[in-house]
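These notes are about the structure you will find just below.
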Amino acid sequence: MGDHGPAQGFGRWLFTTNHKDIGSMYLWFSFAMFLMGGVFALVIRAELFQPGLQLVEPEFFNQMTTMHGLVMVFGAVMPAFVGLANWLIPMMVGAPDMALPRMNNWSFWILPFAFALLTSTLFMEGGGPNFGWTFYAPLSTTYAPPSVTYFIFAVHIMGASSIMGSINIIATILNMRAPGMTLMKMPLFVWTWLITAYLLIAVMPVLAGCVTMMLMDIHFGTSFFNAAGGGDPVLFQHVFWFFGHPEVYIMILPAFGIVSAIIPTFARKPLFGYASMVYATASIAFLSFIVWAHHMFTVGMPIAGELFFMYATMLIAVPTGVKVFNWITTMFRGSMTFETPMLFSIAFVILFTIGGFSGLMLAIAPADFQYHDTYFVVAHFHYVLVPGAIFSIFAAVYYWLPKWCGNMYDERLGKAHFWLSFIGLNVTFFPMHFVGLAGMPRRIPDYALQFADFNQIASMGAFLFGFSQVFFLFIVIKTIRGGKQATEEVWENPEGLEWTIPSPAPYHTFTTPPAIK
Amino acid sequence: MLFFSKRPTTKSLLSVKPFVVFPLLAMSFQAFAKSSEVVADEAQRWGMNMPQGVTATSNEIYDLHMLIFMICVWIGVVVFGVMFYSMIMHRKSSGAVPSKFHESTIVELAWTIIPAIILVAMAVPATSTLIKIYDTSDADIDIKVVGYQWKWQYEYLGEEVSFFSNLTTPQDEIYGRAPKGEHYLLEVDEPVVIPINKKVRFLITANDVLHAWWVPALAVKRDAIPGYINDVWTVVDEPGIYRGQCAELCGKAHGFMPIVVHAMEEVDYQQWLDAKKGEAEELKLAMSQSFSMDELYARGEKVYQTNCVACHGPVGAGGVGPSLIGSSITTGPMNGHLSLMINGVQGSAMQAFGEQLNNIDMAAVITYKRNAWGNNMGDMLQPVDVLNHKRSL
């Protein structure tokens, strides 16, 4: 099989069924979306640099906040994790490829079309979606710009892509493990993705239903969400968040898996509490289905509902805490070195925990009456998503890139990228806690004077963070083009099947199943 | 996470010099406790923390917020303390040899149960506060609050007093052509007035999209939802002016629909209410009067600057909305102009002003638009014409 190399030219990428090629395409696509979503974010931060309207009009500002959220969630974070899954899961479980390679190709290739559709709305009359990434009805139905139909179609395509990706991942993990690779021997990245894939299959249809009801309301005269027609705007929120809350775990569970792979390698000590990590992941996934209305504490639910969702939400702190304690205990009495993947992983643990703390504060319903829809919330979810999801993806890229391309990245540059990102991120998002507590609502293009100083600081941090990512692009390209040859193991005694194959990983791996000890 | 165990390795875990860690923690605790008050004061001054507010509820929420925050800080100190300790002490470069332990049922149990207990300790005060917040019974005054794109309407139930509350910050300040005032974006033409030491109940709903009525100093935030009436209450302790903003994305001018609550002594409130009722009476009388062109024009200009300027621009030249200079509406038939103003334009940002403007203001603003900016139509409208037109619909 060794001489069965990739096809030449563009056809290789268009028709490929190879998990490594598809994984690479997912990763490049998500990085492009990351930069685009980042540009939207910088428009927001530039406008918020000082009070008053300077650069953009409020209509366009609202399109930017909406598109930033949509592109980052559906275009950057989710495809990046699917890309990592494509590259790593077959290699980690000792399979030759994904179980459904043609579907794999399709699930990737519909994504660029979805985002082309979504982005094109910005150039349409009436502008793009301007109702926030949560697109609450009736702002997103009766009062939406005409381009909302394109948005709905784009979301449908993204959903289809995610569902196909998840089916593929589940089929691969359940059917294609090498003999002897029992479930409880699987690397945690595989475990977390298995659970994530189930979450995706459970909730993406709910999102599809949600946008379909919008479509009906807009074009076919139904009134699912229109109070005047007997519908219910609050129903929209219940349906949306029934999707939306598991969605946020979809964006973080694979990150748990990545960090659980990296910390043991650089602490030179096995992961503490492997089994408890698996159970904690499963508990978090279960809890994610019964906490959705904590996003809706101010809609006026009955008190029994408020209490239930408050208690259930607080409970999430328990399994999440177990994970954090396990990582720290893994580091404890290890023999640590601090290469770039480890730096990103440590920052992940610290900053994700801070995001977890503010999450716990937000869970307290009476306090949430003050926090809700302020910059405190913005600070909270950026602390769990940027150093959570994004940092874990950076860590993964630095950790596995030598395996993918056969070259070591430049450690000095990698560390510089880490520190620039780390400082930029904290300067951007930490002050948002302050302005949020002091009373600044989110999604406003202009603000009262008392919020000016911290906004200015946040904007400066945002530009630092943004430009650091161009630097990251440079580092990755430099590594692919050359650099010190990576060994098979790359790191010191890393655990996992992917380190038993040559670097760069051959086009086809494990065509005969490896022996599992 | 509880059903596994191979070889409990608690022993090797505990062999790490607790005598180093604990005194350090205790010292930092003392230092922290002393400085925490200073820190809290400074944080308040720099606008880094939640304001304490002026109601019992807001104080309770503030205490809850600080309690949870401090618990998080302490958990953080311990967790990150251990983490940094090992990052400093257990480095390969300083010759650390890795241990092999990787499982312990006892430890896993401990850090499952202890956080659960802490959570219960948080849930108890949270629950009691929530129950109080939800008790909206026995209100002294009921005020209906309606969110519109992009203003608030207040209706004092049973008093026949009702008015809109609009942003008064001039466009020039927003676009940086004039220096910004002290209450930039947080000032309105008519604040909602309430008496202190009375239980005021707000019945909150919306006319178009979702909004949220939020005044941080009262710790009241509730979504305004079409088709729903949400009730919240407050008892304000001190007279004063308390400012807030719409907290739910509601379209273009979401950031430009502030809330101002003016809390006053009960006598002052009664006076204000009586004056308001008097105004309403006068308005009723005026409805049947005729006004001169100049009167209508002057009044119309004010109405325009409050209600129309955001979309049609300060001199009618348009913006988000179309230009009104020489347009087919403002220089077209009067009846068409009036119908459009009353009913709005379906599927566009042009709202139905029939319910939002009284007949005098409607007549005035139409007269103004037909005669300002070189439109010079020379015709005018009287309140009674508006009334007749509405009746004929």
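Note on naming: chains are A, B, ... as they come in the structure tokens, residues start from 1 per chain, ligands start from 1 in the order shown.
Using only C-alpha atoms, the contacts of Trp133 (chain A) at a cut-off of 6 Å, with sequence neighbours closer than 4 positions omitted, comprise Thr66, Gly69 and Leu70 of chain A.
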Pull C-alpha atoms from the residues just selected and write them as a PDB file, in the first residue's frame.
```
ATOM      1  CA  THR A  66     -23.759  38.399  14.815  1.00  0.00           C
ATOM      2  CA  GLY A  69     -20.334  34.768  16.826  1.00  0.00           C
ATOM      3  CA  LEU A  70     -21.640  32.576  14.026  1.00  0.00           C
TER       4      LEU A  70
END
```
If you run DSSP on the backbone, which residues of region 264-387 of chain B are alpha helix (DSSP H), as a PyMOL selection string?
chain B and resi 266-286+293-307+309-312+334-343+359-371+383-387
Counting only C-alpha atoms, collect the residues of chain B whose closest atom lies at most 6 Å from chain A, and write them out as an NGL selection string.
:B and (1 or 47-50 or 61 or 65 or 72 or 83 or 86 or 90-92 or 96-99 or 102-103 or 130 or 174-175 or 184-185 or 209 or 221-223 or 227 or 230 or 247 or 252 or 255)
Could you tell me how far CA of Thr330 (chain B) lies from CA of Ala364 (chain B), in Å and to one decimal?
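Distance reported for this atom pair: 13.2 Å.
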Would you mind listing what lies within 9 Å of region 341-344 of chain B as a PyMOL selection string, with only C-alpha atoms counted and same-chain residues fewer than 6 positions away left out?
chain B and resi 350-357+362+366+390
Skipping near chain neighbours, those fewer than 5 positions away, what residues fall within 12 Å of region 270-287 of chain B using only C-alpha atoms, listed as a VMD selection string?
chain B and resid 141 155 to 163 190 to 196 262 to 265 358 to 364 382 to 388
Ranking B:Ala126, B:Ala116, B:Tyr154, B:Asp237 by minimum distance to Leu64 (chain B) and counting only C-alpha atoms, which one comes first?
B:Ala126
Identify which of the residues B:Leu167, B:Val309, B:Val39, B:Ala219 lies closest to Gln52 (chain B), counting only C-alpha atoms when measuring atom-to-atom distances.
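Looking at the shortest contact to Gln52 (chain B), the residue is B:Ala219.
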List the spatial neighbours of Pro333 (chain B) as a ChimeraX atom specification - criterion: any atom at most 12 Å away, only C-alpha atoms, same-chain residues fewer than 6 positions off excluded.
/B:327,339-340,366,370,377,379-381
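For the pair CA of Ile157 (chain A) and CA of Phe225 (chain A), the separation is 22.6 Å.
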Tell me which protein, DNA and RNA residues are within 7 Å of Tyr26 (chain A), counting only C-alpha atoms, leaving out same-chain ones fewer than 3 positions away, and put them as a PyMOL selection string.
chain A and resi 22-23+29-30+79-80+82-83+108
